[in-house]
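What follows is the content of entry_33.csv, which has CSV, C-alpha atoms and all ligand atoms:
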chain,number,residue,atom,x,y,z
A,1,MET,CA,12.2,-37.5,-56.1
A,2,LYS,CA,8.9,-37.3,-57.9
A,3,ARG,CA,7.1,-37.7,-54.6
A,4,TYR,CA,8.9,-34.8,-53.0
A,5,LEU,CA,8.1,-32.7,-56.0
A,6,LEU,CA,4.4,-33.5,-55.6
A,7,LEU,CA,4.6,-32.8,-51.9
A,8,THR,CA,6.2,-29.4,-52.6
A,9,ILE,CA,3.5,-28.5,-55.1
A,10,ALA,CA,0.9,-29.4,-52.6
A,11,VAL,CA,2.5,-27.3,-49.8
A,12,VAL,CA,2.9,-24.3,-52.1
A,13,ALA,CA,-0.7,-24.7,-53.3
A,14,ALA,CA,-1.9,-24.7,-49.7
A,15,ALA,CA,0.2,-21.6,-48.9
A,16,CYS,CA,-1.2,-19.8,-51.9
A,17,SER,CA,-4.8,-20.4,-51.0
A,18,GLY,CA,-4.1,-18.9,-47.6
A,19,GLY,CA,-5.2,-20.6,-44.4
A,20,ASP,CA,-8.0,-23.0,-44.6
A,21,ALA,CA,-10.5,-21.7,-42.2
A,22,LEU,CA,-11.8,-18.8,-40.2
A,23,SER,CA,-10.5,-18.6,-36.7
A,24,LEU,CA,-12.6,-17.2,-33.8
A,25,GLU,CA,-10.5,-16.1,-31.0
A,26,ASP,CA,-11.2,-15.0,-27.4
A,27,PRO,CA,-15.0,-15.0,-27.4
A,28,TRP,CA,-16.3,-13.3,-24.2
A,29,ALA,CA,-19.1,-11.4,-22.7
A,30,ARG,CA,-19.2,-9.0,-19.8
A,31,PRO,CA,-21.1,-10.1,-16.7
A,32,SER,CA,-24.6,-8.8,-17.1
A,33,PRO,CA,-26.1,-6.8,-14.3
A,34,THR,CA,-29.1,-8.2,-12.4
A,35,GLY,CA,-32.2,-6.7,-14.0
A,36,ALA,CA,-30.6,-6.1,-17.3
A,37,THR,CA,-32.3,-7.8,-20.2
A,38,THR,CA,-29.5,-7.3,-22.7
A,39,ALA,CA,-25.9,-8.2,-23.0
A,40,ALA,CA,-23.1,-8.3,-25.7
A,41,PHE,CA,-20.7,-10.8,-27.0
A,42,PHE,CA,-17.2,-9.9,-28.2
A,43,MET,CA,-14.5,-11.8,-30.1
A,44,THR,CA,-11.8,-11.5,-32.8
A,45,ILE,CA,-12.6,-13.1,-36.2
A,46,ASP,CA,-9.6,-13.8,-38.3
A,47,ASN,CA,-10.0,-14.7,-42.0
A,48,PRO,CA,-6.8,-16.1,-43.3
A,49,THR,CA,-8.5,-17.4,-46.5
A,50,ASP,CA,-8.6,-15.7,-49.8
A,51,THR,CA,-12.4,-15.6,-49.8
A,52,ASP,CA,-14.4,-12.7,-48.3
A,53,GLU,CA,-16.7,-13.8,-45.5
A,54,THR,CA,-19.6,-12.1,-43.8
A,55,LEU,CA,-20.9,-12.9,-40.4
A,56,VAL,CA,-24.7,-12.9,-41.0
A,57,SER,CA,-26.2,-14.1,-37.7
A,58,ALA,CA,-25.6,-15.6,-34.3
A,59,ALA,CA,-27.7,-18.0,-32.3
A,60,THR,CA,-27.4,-19.0,-28.7
A,61,ASP,CA,-29.6,-20.6,-26.1
A,62,ALA,CA,-28.4,-17.8,-23.7
A,63,CYS,CA,-30.6,-15.2,-25.4
A,64,ARG,CA,-34.0,-15.2,-26.9
A,65,VAL,CA,-32.7,-13.4,-30.0
A,66,THR,CA,-29.4,-11.8,-31.1
A,67,GLU,CA,-28.6,-8.9,-33.5
A,68,LEU,CA,-25.3,-7.8,-35.0
A,69,HIS,CA,-24.7,-4.2,-33.8
A,70,LEU,CA,-22.2,-1.4,-34.0
A,71,SER,CA,-21.9,1.1,-31.1
A,72,ALA,CA,-20.7,4.3,-32.8
A,73,MET,CA,-19.9,7.7,-31.5
A,74,VAL,CA,-21.2,10.4,-33.7
A,75,ASP,CA,-20.6,14.0,-32.6
A,76,GLY,CA,-20.1,12.8,-29.0
A,77,VAL,CA,-23.3,10.9,-29.0
A,78,MET,CA,-23.2,7.1,-28.6
A,79,SER,CA,-25.7,5.1,-30.6
A,80,MET,CA,-26.2,1.5,-31.7
A,81,GLN,CA,-26.6,0.7,-35.3
A,82,ARG,CA,-27.9,-2.7,-36.4
A,83,GLN,CA,-25.7,-4.2,-39.1
A,84,GLU,CA,-28.4,-5.4,-41.4
A,85,ASN,CA,-26.0,-6.7,-44.0
A,86,GLY,CA,-23.9,-8.5,-41.5
A,87,ILE,CA,-20.4,-7.9,-40.4
A,88,PRO,CA,-17.9,-8.3,-43.3
A,89,VAL,CA,-14.7,-10.2,-42.6
A,90,PRO,CA,-12.7,-9.6,-45.8
A,91,ALA,CA,-10.1,-12.1,-47.0
A,92,SER,CA,-6.8,-11.9,-45.1
A,93,GLU,CA,-8.3,-9.5,-42.6
A,94,THR,CA,-9.1,-9.6,-38.9
A,95,VAL,CA,-12.2,-8.0,-37.5
A,96,THR,CA,-12.5,-7.4,-33.8
A,97,LEU,CA,-15.8,-7.2,-31.9
A,98,ALA,CA,-15.0,-5.2,-28.8
A,99,PRO,CA,-16.7,-2.9,-26.3
A,100,GLY,CA,-17.7,0.5,-27.8
A,101,GLY,CA,-17.7,-1.0,-31.3
A,102,LEU,CA,-19.0,-4.1,-33.1
A,103,HIS,CA,-20.9,-6.6,-30.9
A,104,ILE,CA,-23.4,-9.4,-31.0
A,105,MET,CA,-26.2,-8.0,-29.0
A,106,CYS,CA,-28.1,-10.4,-26.8
A,107,ILE,CA,-31.8,-9.4,-26.4
A,108,ASP,CA,-33.9,-10.9,-23.6
A,109,ARG,CA,-31.1,-12.8,-22.1
A,110,ILE,CA,-32.1,-16.2,-20.7
A,111,ALA,CA,-28.8,-17.5,-19.3
A,112,ASP,CA,-27.2,-16.0,-16.2
A,113,PHE,CA,-24.3,-14.0,-17.5
A,114,ALA,CA,-22.3,-14.5,-14.3
A,115,GLU,CA,-18.6,-14.4,-14.0
A,116,GLY,CA,-17.0,-17.6,-15.2
A,117,GLU,CA,-20.1,-18.8,-17.0
A,118,GLU,CA,-19.5,-20.5,-20.4
A,119,LEU,CA,-22.1,-19.8,-23.1
A,120,ASP,CA,-22.3,-21.6,-26.5
A,121,ILE,CA,-22.9,-19.6,-29.6
A,122,THR,CA,-23.3,-20.6,-33.2
A,123,LEU,CA,-22.2,-18.1,-35.8
A,124,GLU,CA,-23.4,-18.2,-39.4
A,125,PHE,CA,-21.1,-17.0,-42.1
A,126,VAL,CA,-21.8,-16.5,-45.9
A,127,ASP,CA,-18.7,-16.4,-48.1
A,128,ALA,CA,-18.2,-14.4,-51.3
A,129,ASN,CA,-19.5,-17.4,-53.3
A,130,GLY,CA,-22.8,-17.4,-51.4
A,131,ASP,CA,-22.0,-20.5,-49.5
A,132,SER,CA,-23.1,-20.5,-45.9
A,133,HIS,CA,-21.4,-22.3,-43.0
A,134,THR,CA,-21.6,-22.3,-39.3
A,135,GLU,CA,-19.0,-22.0,-36.6
A,136,GLU,CA,-19.5,-23.2,-33.0
A,137,LEU,CA,-17.8,-21.4,-30.1
A,138,THR,CA,-18.0,-20.9,-26.4
A,139,ALA,CA,-17.8,-17.5,-24.9
A,140,VAL,CA,-16.6,-17.0,-21.4
A,141,VAL,CA,-18.3,-14.5,-19.1
A,142,GLU,CA,-15.7,-12.2,-17.4
A,143,ASP,CA,-15.2,-8.7,-16.3
A,144,ARG,CA,-12.5,-6.9,-18.2
B,1,MET,CA,46.3,23.3,-5.2
B,2,ASN,CA,45.5,19.6,-4.9
B,3,ARG,CA,43.2,20.3,-2.0
B,4,ARG,CA,41.5,23.1,-3.9
B,5,LEU,CA,40.9,20.8,-6.8
B,6,ARG,CA,39.4,18.2,-4.5
B,7,THR,CA,37.1,20.8,-2.9
B,8,LEU,CA,36.0,21.9,-6.3
B,9,ALA,CA,35.3,18.3,-7.4
B,10,LEU,CA,33.3,17.7,-4.2
B,11,ALA,CA,31.3,20.9,-4.7
B,12,LEU,CA,30.6,19.9,-8.3
B,13,ALA,CA,29.5,16.4,-7.3
B,14,ALA,CA,27.2,17.9,-4.6
B,15,GLY,CA,25.8,20.4,-7.1
B,16,ILE,CA,25.0,17.7,-9.6
B,17,GLY,CA,23.5,15.5,-6.9
B,18,LEU,CA,21.3,18.4,-5.8
B,19,ALA,CA,20.2,19.2,-9.3
B,20,LEU,CA,19.3,15.5,-9.9
B,21,LEU,CA,17.3,15.5,-6.7
B,22,VAL,CA,15.4,18.6,-7.8
B,23,VAL,CA,14.7,17.3,-11.3
B,24,THR,CA,13.7,13.8,-10.3
B,25,VAL,CA,12.0,14.2,-6.9
B,26,VAL,CA,11.0,17.8,-6.2
B,27,LEU,CA,9.9,19.1,-9.6
B,28,PRO,CA,7.4,16.3,-10.4
B,29,ARG,CA,5.5,17.2,-7.2
B,30,PHE,CA,5.0,20.7,-8.6
B,31,GLN,CA,3.8,19.5,-12.0
B,32,PRO,CA,0.2,20.4,-12.6
B,33,HIS,CA,-2.1,17.4,-12.6
B,34,VAL,CA,-2.9,16.5,-16.2
B,35,PHE,CA,-6.6,15.7,-16.4
B,36,SER,CA,-7.8,13.0,-18.8
B,37,GLY,CA,-11.0,14.9,-19.3
B,38,THR,CA,-11.9,18.5,-20.3
B,39,VAL,CA,-11.6,21.0,-17.5
B,40,ILE,CA,-14.5,23.4,-17.0
B,41,GLN,CA,-13.7,26.6,-15.2
B,42,SER,CA,-17.2,27.3,-13.9
B,43,GLN,CA,-17.7,30.0,-11.3
B,44,THR,CA,-21.3,29.1,-10.8
B,45,PRO,CA,-22.6,26.0,-9.0
B,46,ALA,CA,-23.3,23.0,-11.2
B,47,PRO,CA,-26.9,22.9,-12.4
B,48,THR,CA,-29.0,21.0,-9.9
B,49,VAL,CA,-30.2,17.5,-10.5
B,50,ASP,CA,-33.5,17.0,-8.6
B,51,LEU,CA,-34.9,13.5,-9.3
B,52,ILE,CA,-36.1,10.3,-7.8
B,53,THR,CA,-33.3,8.0,-6.7
B,54,SER,CA,-33.1,4.2,-7.1
B,55,THR,CA,-33.7,4.0,-3.3
B,56,GLY,CA,-37.1,5.7,-3.9
B,57,GLU,CA,-36.7,9.2,-2.4
B,58,ARG,CA,-36.2,12.5,-4.1
B,59,ALA,CA,-32.7,13.8,-4.0
B,60,SER,CA,-30.8,16.7,-5.5
B,61,LEU,CA,-27.1,17.5,-6.1
B,62,SER,CA,-26.9,19.6,-3.0
B,63,ASP,CA,-27.4,16.4,-0.9
B,64,PHE,CA,-23.9,15.3,-1.9
B,65,GLU,CA,-22.2,18.5,-0.7
B,66,ASP,CA,-18.5,17.9,0.1
B,67,GLN,CA,-18.4,14.9,-2.2
B,68,VAL,CA,-17.0,14.6,-5.7
B,69,VAL,CA,-20.0,13.5,-7.8
B,70,VAL,CA,-19.7,11.7,-11.1
B,71,ILE,CA,-22.8,11.9,-13.2
B,72,TYR,CA,-23.3,9.5,-16.1
B,73,PHE,CA,-26.4,9.5,-18.4
B,74,GLY,CA,-27.2,5.9,-19.4
B,75,TYR,CA,-29.9,3.2,-19.4
B,76,THR,CA,-30.3,-0.3,-18.3
B,77,PHE,CA,-31.3,-1.7,-21.7
B,78,CYS,CA,-27.9,-0.6,-23.0
B,79,PRO,CA,-25.8,-3.8,-23.6
B,80,ASP,CA,-22.4,-2.5,-24.4
B,81,VAL,CA,-21.3,1.0,-23.7
B,82,CYS,CA,-23.2,1.6,-20.3
B,83,PRO,CA,-22.0,-1.6,-18.6
B,84,THR,CA,-18.5,-1.0,-19.9
B,85,THR,CA,-18.4,2.5,-18.5
B,86,LEU,CA,-19.9,1.5,-15.2
B,87,SER,CA,-17.5,-1.4,-14.9
B,88,THR,CA,-14.6,1.0,-15.6
B,89,LEU,CA,-16.0,3.5,-13.0
B,90,LYS,CA,-16.3,0.7,-10.4
B,91,LYS,CA,-12.6,-0.1,-11.0
B,92,ALA,CA,-11.6,3.5,-10.8
B,93,VAL,CA,-13.5,4.1,-7.5
B,94,ASP,CA,-12.0,0.9,-6.0
B,95,LYS,CA,-8.5,2.3,-6.8
B,96,LEU,CA,-9.2,5.3,-4.5
B,97,GLY,CA,-9.4,3.1,-1.4
B,98,ASP,CA,-11.0,4.8,1.6
B,99,ALA,CA,-11.1,8.1,-0.3
B,100,SER,CA,-13.9,6.5,-2.4
B,101,ASP,CA,-16.3,7.3,0.4
B,102,ASP,CA,-16.1,10.9,-0.8
B,103,VAL,CA,-17.1,10.0,-4.3
B,104,GLN,CA,-20.8,9.5,-5.4
B,105,VAL,CA,-21.5,7.9,-8.7
B,106,ILE,CA,-24.9,8.8,-10.1
B,107,MET,CA,-26.4,7.3,-13.3
B,108,VAL,CA,-29.3,9.4,-14.6
B,109,SER,CA,-31.6,7.3,-16.7
B,110,VAL,CA,-32.1,8.5,-20.3
B,111,ASP,CA,-34.8,5.9,-20.5
B,112,PRO,CA,-37.3,6.8,-17.8
B,113,ALA,CA,-40.1,4.8,-19.4
B,114,ARG,CA,-38.3,1.5,-18.9
B,115,ASP,CA,-36.0,2.3,-16.0
B,116,THR,CA,-38.0,2.3,-12.8
B,117,PRO,CA,-36.2,3.3,-9.6
B,118,GLU,CA,-36.2,-0.4,-8.5
B,119,LEU,CA,-34.7,-1.6,-11.8
B,120,LEU,CA,-32.0,1.1,-11.6
B,121,GLY,CA,-31.2,0.1,-8.1
B,122,GLU,CA,-30.8,-3.5,-9.0
B,123,TYR,CA,-28.8,-2.7,-12.1
B,124,LEU,CA,-26.4,-0.3,-10.5
B,125,GLY,CA,-26.0,-2.4,-7.3
B,126,PHE,CA,-24.5,-5.1,-9.5
B,127,PHE,CA,-21.6,-2.8,-10.2
B,128,ASP,CA,-21.3,-1.2,-6.8
B,129,PRO,CA,-24.0,-0.9,-4.1
B,130,ARG,CA,-22.9,2.7,-3.6
B,131,PHE,CA,-23.8,3.8,-7.1
B,132,LEU,CA,-27.0,5.7,-7.2
B,133,GLY,CA,-29.6,5.7,-10.0
B,134,MET,CA,-31.8,8.7,-10.7
B,135,THR,CA,-34.9,9.0,-12.8
B,136,GLY,CA,-38.0,11.1,-13.2
B,137,THR,CA,-40.5,12.0,-15.8
B,138,GLU,CA,-39.4,12.3,-19.4
B,139,ALA,CA,-39.5,16.1,-19.0
B,140,GLU,CA,-37.6,16.2,-15.8
B,141,VAL,CA,-34.8,14.0,-17.1
B,142,ALA,CA,-34.7,16.0,-20.4
B,143,GLU,CA,-34.3,19.2,-18.4
B,144,VAL,CA,-31.4,17.8,-16.4
B,145,ALA,CA,-29.7,16.5,-19.5
B,146,THR,CA,-30.1,19.8,-21.3
B,147,VAL,CA,-28.4,21.8,-18.6
B,148,TYR,CA,-25.5,19.4,-18.6
B,149,GLY,CA,-25.2,19.6,-22.3
B,150,VAL,CA,-26.2,16.0,-22.7
B,151,PHE,CA,-28.2,14.8,-25.7
B,152,PHE,CA,-30.4,11.8,-25.7
B,153,GLN,CA,-33.0,10.5,-28.1
B,154,ALA,CA,-35.0,7.3,-28.5
B,155,GLU,CA,-34.2,5.7,-31.8
B,156,GLU,CA,-36.3,3.2,-33.6
B,157,GLY,CA,-35.0,-0.3,-33.1
B,158,THR,CA,-36.4,-3.6,-34.3
B,159,VAL,CA,-39.4,-5.7,-33.2
B,160,ASP,CA,-36.9,-7.5,-30.9
B,161,THR,CA,-35.1,-4.6,-29.3
B,162,GLY,CA,-37.9,-2.1,-29.2
B,163,TYR,CA,-36.5,1.5,-29.2
B,164,LEU,CA,-32.9,2.2,-28.4
B,165,VAL,CA,-31.6,5.4,-26.8
B,166,SER,CA,-28.7,7.4,-28.3
B,167,HIS,CA,-27.0,9.4,-25.7
B,168,THR,CA,-24.0,11.5,-24.8
B,169,ALA,CA,-21.7,9.0,-23.0
B,170,ASN,CA,-19.4,11.4,-21.1
B,171,LEU,CA,-18.9,11.4,-17.4
B,172,MET,CA,-19.7,14.8,-15.7
B,173,VAL,CA,-17.6,15.4,-12.6
B,174,VAL,CA,-18.8,17.9,-10.0
B,175,ASP,CA,-16.1,18.9,-7.5
B,176,ARG,CA,-16.5,19.2,-3.7
B,177,GLU,CA,-17.4,22.9,-4.0
B,178,GLY,CA,-20.4,21.9,-6.2
B,179,HIS,CA,-18.9,23.2,-9.5
B,180,LEU,CA,-19.0,21.2,-12.7
B,181,LYS,CA,-15.3,20.6,-13.0
B,182,LEU,CA,-14.6,18.0,-15.6
B,183,ILE,CA,-16.0,16.1,-18.5
B,184,ILE,CA,-14.4,12.7,-19.0
B,185,PRO,CA,-14.8,11.0,-22.3
B,186,PRO,CA,-16.2,7.4,-22.3
B,187,ASP,CA,-13.0,5.8,-23.5
B,188,ALA,CA,-11.0,7.0,-20.4
B,189,THR,CA,-9.3,4.1,-18.5
B,190,SER,CA,-10.0,3.3,-14.9
B,191,ASP,CA,-6.5,4.6,-14.1
B,192,GLN,CA,-7.2,7.9,-15.7
B,193,ILE,CA,-10.5,8.4,-14.0
B,194,ALA,CA,-9.0,7.4,-10.6
B,195,SER,CA,-6.2,9.8,-11.1
B,196,ASP,CA,-8.6,12.7,-11.9
B,197,LEU,CA,-10.9,11.9,-9.0
B,198,ASP,CA,-8.0,11.5,-6.6
B,199,TYR,CA,-6.7,14.9,-7.6
B,200,LEU,CA,-10.2,16.5,-6.9
B,201,LEU,CA,-10.5,14.8,-3.5
C,301,CU,CU,-26.3,-3.4,-29.4
Any chance you could put this one into structure tokens?
Ligand SMILES: [Cu+2]
Amino acid sequence: MKRYLLLTIAVVAAACSGGDALSLEDPWARPSPTGATTAAFFMTIDNPTDTDETLVSAATDACRVTELHLSAMVDGVMSMQRQENGIPVPASETVTLAPGGLHIMCIDRIADFAEGEELDITLEFVDANGDSHTEELTAVVEDR
Amino acid sequence: MNRRLRTLALALAAGIGLALLVVTVVLPRFQPHVFSGTVIQSQTPAPTVDLITSTGERASLSDFEDQVVVIYFGYTFCPDVCPTTLSTLKKAVDKLGDASDDVQVIMVSVDPARDTPELLGEYLGFFDPRFLGMTGTEAEVAEVATVYGVFFQAEEGTVDTGYLVSHTANLMVVDREGHLKLIIPPDATSDQIASDLDYLL
């Protein structure tokens, strides 16, 4: 009986603290035209925890360098704005990186962004406590 | 009496049937096409575009007489919005089947300093070999953009990106008579674009 009680407490405690980790869903990139030096990665970042997180950088062998960007339409004019303070992923929220919006911009692409290609990326997050951690993921190249 | 009732019932049934036919089949054909973009009622020909094409020669809008021309202002260094729009355009054009022969997609570069005709050709050919790039001097491109109500401006980027170009991302559609007919917003789907182009063909 005592054991069940302890188990129940443990389960409730786990539920209260929310999920235990960020989840990175559906990472992808559009096939990049021949001649193009840039590309963009998209994905959905779900933060089920009760700690705010911020995506601060991304690294990949597929590109010389990456930056976190937002494509934004202002008065009918499309422009890209670098997200210098990273992309916040607040506790219990989901942030989607998608065409025409937030993206990880690939500058000087090295890999061939050809249909079906799989590209590894490492994302660095910093949580509200200032602790940093990385997440590894593989983006698939496909036309959508 | 009985017979009269039956005739009446038959007439009623026929009437309802006819009404249903009109409402479901005939009327929809007379519905005006609903454009996904903004319709321009211009009586004057579309402003000319006279630039160097990605195939290396000089061309102007009048070279595409009798075709529906879709003009997009973009640049090859653009990682997100331009490839997305061009990919959507490719899907839209493919949906037109054989009729797509009467559509010419043109991307005018808003980054003539980096976009050489060769690079434009390579870049656009990736989406569809029929897509044509156009560029010119900074002043020539600016003039074309201005007459189409298109804004573009180089913005300071980082050491890594170099400058980036902010630009109007609409699609300008010139009809077969050479009139600017439609402005399609960048978030239109390939189905919406295909439907608009199909109507203009
Ligand atoms: Cu970007």
Tell me as a ChimeraX atom specification which residues belonging to chain B come within 9 Å of chain A, counting all atoms listed in the file.
/B:76-81,83-84,87-88,119-120,122-127,150-152,155,157-158,160-161,164-170,185-187
Residues at most 6 Å from segment 106-116 of chain B, counting all atoms listed in the file, excluding those fewer than 6 positions away in the same chain, as number ranges by chain?
B: 71-75, 131-135
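Interatomic distance, atom CA of Thr38 of chain B to atom CA of Val141 of chain B: 23.6 Å.
By chain and then residue number, the residues within 9 Å of Asp46 of chain A are A:Ala21, A:Leu22, A:Ser23, A:Leu24, A:Glu25, A:Val89, A:Ala91, A:Ser92, A:Glu93, A:Thr94, A:Val95, A:Thr96, counting only C-alpha atoms and disregarding those fewer than 5 positions away in sequence.
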Can I get the selection written as a PDB file, in the frame of the given file, with C-alpha atoms?
ATOM      1  CA  ALA A  21     -10.500 -21.700 -42.200  1.00  0.00           C
ATOM      2  CA  LEU A  22     -11.800 -18.800 -40.200  1.00  0.00           C
ATOM      3  CA  SER A  23     -10.500 -18.600 -36.700  1.00  0.00           C
ATOM      4  CA  LEU A  24     -12.600 -17.200 -33.800  1.00  0.00           C
ATOM      5  CA  GLU A  25     -10.500 -16.100 -31.000  1.00  0.00           C
ATOM      6  CA  VAL A  89     -14.700 -10.200 -42.600  1.00  0.00           C
ATOM      7  CA  ALA A  91     -10.100 -12.100 -47.000  1.00  0.00           C
ATOM      8  CA  SER A  92      -6.800 -11.900 -45.100  1.00  0.00           C
ATOM      9  CA  GLU A  93      -8.300  -9.500 -42.600  1.00  0.00           C
ATOM     10  CA  THR A  94      -9.100  -9.600 -38.900  1.00  0.00           C
ATOM     11  CA  VAL A  95     -12.200  -8.000 -37.500  1.00  0.00           C
ATOM     12  CA  THR A  96     -12.500  -7.400 -33.800  1.00  0.00           C
TER      13      THR A  96
END
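In this comparison, which uses only C-alpha atoms, the residue of B:Ala19, B:Ile183, B:Ala14, B:Ile52 approaching Glu140 of chain B most closely is B:Ile52.
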Which residue, B:Cys82, B:Gly121, B:Gly15, B:Gln153, has the smallest gap to ligand CU 301 (chain C) when you use all atoms listed in the file?
B:Cys82
Can you pull out every residue within 12 Å of Gln43 of chain B, counting all atoms listed in the file, but drop anything in the same chain fewer than 2 positions away, and send it as a PyMOL selection string?
chain B and resi 40-41+45-47+175+177-181
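Atom CA of Gly136 of chain B is found 22.7 Å from atom CA of Val103 of chain B.
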Atom CA of Phe35 of chain B to atom CA of Glu143 of chain B, straight-line distance in Å
28.0 Å
Can you write segment 56-70 of chain A from the block above with N, CA and C atoms, as a PDB file, in the first residue's frame?
ATOM      1  N   VAL A  56      18.971  29.336 -29.323  1.00  0.00           N
ATOM      2  CA  VAL A  56      19.959  30.406 -29.503  1.00  0.00           C
ATOM      3  C   VAL A  56      20.863  30.225 -30.727  1.00  0.00           C
ATOM      4  N   SER A  57      21.036  28.989 -31.162  1.00  0.00           N
ATOM      5  CA  SER A  57      21.864  28.800 -32.363  1.00  0.00           C
ATOM      6  C   SER A  57      21.642  27.430 -32.964  1.00  0.00           C
ATOM      7  N   ALA A  58      22.090  27.284 -34.183  1.00  0.00           N
ATOM      8  CA  ALA A  58      22.006  26.004 -34.877  1.00  0.00           C
ATOM      9  C   ALA A  58      23.303  25.791 -35.627  1.00  0.00           C
ATOM     10  N   ALA A  59      23.763  24.560 -35.627  1.00  0.00           N
ATOM     11  CA  ALA A  59      25.001  24.258 -36.344  1.00  0.00           C
ATOM     12  C   ALA A  59      24.771  23.032 -37.212  1.00  0.00           C
ATOM     13  N   THR A  60      25.331  23.056 -38.388  1.00  0.00           N
ATOM     14  CA  THR A  60      25.211  21.913 -39.281  1.00  0.00           C
ATOM     15  C   THR A  60      26.365  21.901 -40.277  1.00  0.00           C
ATOM     16  N   ASP A  61      26.803  20.716 -40.621  1.00  0.00           N
ATOM     17  CA  ASP A  61      27.861  20.585 -41.620  1.00  0.00           C
ATOM     18  C   ASP A  61      27.344  20.950 -43.013  1.00  0.00           C
ATOM     19  N   ALA A  62      26.019  21.059 -43.118  1.00  0.00           N
ATOM     20  CA  ALA A  62      25.433  21.339 -44.429  1.00  0.00           C
ATOM     21  C   ALA A  62      25.626  22.780 -44.881  1.00  0.00           C
ATOM     22  N   CYS A  63      25.976  23.648 -43.913  1.00  0.00           N
ATOM     23  CA  CYS A  63      26.099  25.070 -44.232  1.00  0.00           C
ATOM     24  C   CYS A  63      27.334  25.635 -43.534  1.00  0.00           C
ATOM     25  N   ARG A  64      27.950  26.628 -44.155  1.00  0.00           N
ATOM     26  CA  ARG A  64      29.110  27.241 -43.510  1.00  0.00           C
ATOM     27  C   ARG A  64      28.680  27.883 -42.194  1.00  0.00           C
ATOM     28  N   VAL A  65      27.548  28.542 -42.222  1.00  0.00           N
ATOM     29  CA  VAL A  65      27.077  29.215 -41.019  1.00  0.00           C
ATOM     30  C   VAL A  65      25.551  29.290 -41.067  1.00  0.00           C
ATOM     31  N   THR A  66      24.921  29.400 -39.897  1.00  0.00           N
ATOM     32  CA  THR A  66      23.465  29.574 -39.883  1.00  0.00           C
ATOM     33  C   THR A  66      23.108  30.778 -39.023  1.00  0.00           C
ATOM     34  N   GLU A  67      21.932  31.327 -39.292  1.00  0.00           N
ATOM     35  CA  GLU A  67      21.400  32.404 -38.461  1.00  0.00           C
ATOM     36  C   GLU A  67      19.925  32.124 -38.227  1.00  0.00           C
ATOM     37  N   LEU A  68      19.406  32.634 -37.118  1.00  0.00           N
ATOM     38  CA  LEU A  68      17.981  32.479 -36.828  1.00  0.00           C
ATOM     39  C   LEU A  68      17.272  33.706 -37.390  1.00  0.00           C
ATOM     40  N   HIS A  69      16.296  33.474 -38.249  1.00  0.00           N
ATOM     41  CA  HIS A  69      15.638  34.575 -38.953  1.00  0.00           C
ATOM     42  C   HIS A  69      14.128  34.515 -38.866  1.00  0.00           C
ATOM     43  N   LEU A  70      13.544  35.673 -39.140  1.00  0.00           N
ATOM     44  CA  LEU A  70      12.090  35.772 -39.301  1.00  0.00           C
ATOM     45  C   LEU A  70      11.824  36.474 -40.621  1.00  0.00           C
TER      46      LEU A  70
END
